[in-house]
Each structure stands twice: as structure tokens, then as C-alpha cells.
Amino acid sequence: MTTQLDVLRAMTPAQRLQAANRLYWTARHIKEAAIRARHPDWTDEQVKREVKEAFLYARG
């Protein structure tokens, strides 16, 4: 059985960097959706600021 670690080890450094980049942006999109659901009355600017702060200060 192939493990996630095996898959990562088989990747080139460039592929690992690309995977990390995709993971980062996916996490930001999920966080944005959660904030929008929690604060439907907020403007796009307010949501984007909250997402930025959440990632800047590594808080949930």
C-alpha cells in the first residue's frame, strides 16, 4: 500500500512546492467561505481583511 509519505518522497522539489502552494490557497478559500457563512452581511473587503489576518497571525 502506498502511503502519503511515499507519494511525497516520489515528488520532485518543484512538485512538492506546487502541492504546498495548492494546499495553501485551498485553505484560504475554505477560510473565506467559513467567514462569509459566519458574516453574510460583511463586504468583500471585510472578508478579505479577516482572511488575511487569520493567516497572518495563524489563528482559527
# chains A, B, ... in the order shown; residues from 1 in each chain; ligands from 1

call {"tool": "select_by_dssp", "arguments": {"residues": "chain A", "states": "alpha helix (DSSP H)", "output": "PyMOL selection string"}}
result
chain A and resi 4-10+13-38+44-56

call {"tool": "write_last_selection", "arguments": {"atoms": "N, CA and C atoms", "output": "short mmCIF file (atom, residue, chain, number, x, y, z; two decimals), in the first residue's frame"}}
result
data_model
loop_
_atom_site.label_atom_id
_atom_site.label_comp_id
_atom_site.auth_asym_id
_atom_site.auth_seq_id
_atom_site.Cartn_x
_atom_site.Cartn_y
_atom_site.Cartn_z
N GLN A 4 0.97 8.30 1.99
CA GLN A 4 1.12 9.69 1.60
C GLN A 4 2.60 10.09 1.62
N LEU A 5 3.33 9.57 2.57
CA LEU A 5 4.76 9.86 2.66
C LEU A 5 5.50 9.33 1.43
N ASP A 6 5.12 8.15 0.97
CA ASP A 6 5.73 7.59 -0.24
C ASP A 6 5.48 8.49 -1.45
N VAL A 7 4.26 8.99 -1.53
CA VAL A 7 3.91 9.87 -2.64
C VAL A 7 4.74 11.15 -2.58
N LEU A 8 4.87 11.73 -1.39
CA LEU A 8 5.66 12.95 -1.23
C LEU A 8 7.13 12.71 -1.56
N ARG A 9 7.66 11.59 -1.12
CA ARG A 9 9.07 11.28 -1.40
C ARG A 9 9.33 11.08 -2.89
N ALA A 10 8.32 10.62 -3.61
CA ALA A 10 8.48 10.39 -5.05
C ALA A 10 8.41 11.69 -5.86
N PRO A 13 11.28 18.31 -5.91
CA PRO A 13 11.10 19.50 -5.06
C PRO A 13 10.08 20.48 -5.67
N ALA A 14 10.12 20.65 -6.97
CA ALA A 14 9.17 21.56 -7.62
C ALA A 14 7.73 21.07 -7.46
N GLN A 15 7.53 19.77 -7.54
CA GLN A 15 6.18 19.22 -7.37
C GLN A 15 5.71 19.40 -5.93
N ARG A 16 6.61 19.22 -4.97
CA ARG A 16 6.23 19.41 -3.56
C ARG A 16 5.88 20.87 -3.29
N LEU A 17 6.64 21.77 -3.87
CA LEU A 17 6.35 23.19 -3.71
C LEU A 17 4.99 23.53 -4.33
N GLN A 18 4.71 22.99 -5.49
CA GLN A 18 3.42 23.23 -6.15
C GLN A 18 2.27 22.65 -5.31
N ALA A 19 2.46 21.49 -4.74
CA ALA A 19 1.43 20.88 -3.89
C ALA A 19 1.20 21.73 -2.64
N ALA A 20 2.26 22.24 -2.05
CA ALA A 20 2.13 23.09 -0.87
C ALA A 20 1.40 24.38 -1.22
N ASN A 21 1.71 24.93 -2.37
CA ASN A 21 1.04 26.16 -2.83
C ASN A 21 -0.45 25.92 -3.02
N ARG A 22 -0.81 24.80 -3.65
CA ARG A 22 -2.24 24.47 -3.84
C ARG A 22 -2.93 24.29 -2.50
N LEU A 23 -2.27 23.64 -1.57
CA LEU A 23 -2.84 23.42 -0.24
C LEU A 23 -3.09 24.75 0.47
N TYR A 24 -2.13 25.65 0.37
CA TYR A 24 -2.25 26.97 1.00
C TYR A 24 -3.46 27.71 0.44
N TRP A 25 -3.59 27.78 -0.88
CA TRP A 25 -4.70 28.52 -1.48
C TRP A 25 -6.04 27.85 -1.24
N THR A 26 -6.05 26.52 -1.19
CA THR A 26 -7.29 25.81 -0.85
C THR A 26 -7.72 26.17 0.57
N ALA A 27 -6.77 26.21 1.49
CA ALA A 27 -7.08 26.56 2.88
C ALA A 27 -7.63 27.99 2.97
N ARG A 28 -7.06 28.90 2.20
CA ARG A 28 -7.55 30.29 2.20
C ARG A 28 -8.98 30.36 1.67
N HIS A 29 -9.28 29.61 0.61
CA HIS A 29 -10.63 29.62 0.05
C HIS A 29 -11.65 29.03 1.05
N ILE A 30 -11.24 27.98 1.74
CA ILE A 30 -12.12 27.38 2.74
C ILE A 30 -12.36 28.36 3.89
N LYS A 31 -11.30 29.03 4.33
CA LYS A 31 -11.43 30.02 5.41
C LYS A 31 -12.34 31.16 4.97
N GLU A 32 -12.18 31.62 3.74
CA GLU A 32 -13.03 32.69 3.22
C GLU A 32 -14.49 32.27 3.21
N ALA A 33 -14.77 31.05 2.78
CA ALA A 33 -16.14 30.56 2.75
C ALA A 33 -16.73 30.48 4.16
N ALA A 34 -15.92 30.06 5.11
CA ALA A 34 -16.39 29.97 6.50
C ALA A 34 -16.70 31.36 7.06
N ILE A 35 -15.85 32.33 6.76
CA ILE A 35 -16.08 33.69 7.24
C ILE A 35 -17.34 34.28 6.60
N ARG A 36 -17.50 34.03 5.30
CA ARG A 36 -18.70 34.53 4.61
C ARG A 36 -19.97 33.91 5.20
N ALA A 37 -19.91 32.63 5.55
CA ALA A 37 -21.07 31.96 6.15
C ALA A 37 -21.37 32.52 7.53
N ARG A 38 -20.32 32.85 8.28
CA ARG A 38 -20.49 33.38 9.64
C ARG A 38 -20.94 34.84 9.62
N ASP A 44 -16.96 42.39 0.77
CA ASP A 44 -15.81 41.61 0.30
C ASP A 44 -14.53 42.08 0.98
N GLU A 45 -14.40 43.38 1.16
CA GLU A 45 -13.20 43.94 1.78
C GLU A 45 -13.06 43.45 3.22
N GLN A 46 -14.15 43.43 3.96
CA GLN A 46 -14.10 42.95 5.35
C GLN A 46 -13.71 41.48 5.41
N VAL A 47 -14.28 40.69 4.51
CA VAL A 47 -13.97 39.26 4.48
C VAL A 47 -12.50 39.05 4.13
N LYS A 48 -12.01 39.73 3.11
CA LYS A 48 -10.62 39.57 2.69
C LYS A 48 -9.66 40.00 3.80
N ARG A 49 -10.00 41.05 4.52
CA ARG A 49 -9.15 41.51 5.63
C ARG A 49 -9.11 40.45 6.73
N GLU A 50 -10.27 39.86 7.04
CA GLU A 50 -10.32 38.84 8.09
C GLU A 50 -9.52 37.60 7.69
N VAL A 51 -9.63 37.19 6.42
CA VAL A 51 -8.85 36.04 5.94
C VAL A 51 -7.36 36.35 6.05
N LYS A 52 -6.98 37.54 5.61
CA LYS A 52 -5.57 37.94 5.67
C LYS A 52 -5.06 37.90 7.10
N GLU A 53 -5.83 38.45 8.03
CA GLU A 53 -5.42 38.45 9.43
C GLU A 53 -5.35 37.04 10.00
N ALA A 54 -6.29 36.20 9.62
CA ALA A 54 -6.30 34.82 10.12
C ALA A 54 -5.02 34.09 9.71
N PHE A 55 -4.58 34.31 8.49
CA PHE A 55 -3.37 33.63 8.02
C PHE A 55 -2.11 34.34 8.51
N LEU A 56 -2.15 35.64 8.64
CA LEU A 56 -1.00 36.40 9.11
C LEU A 56 -0.67 36.04 10.54
#
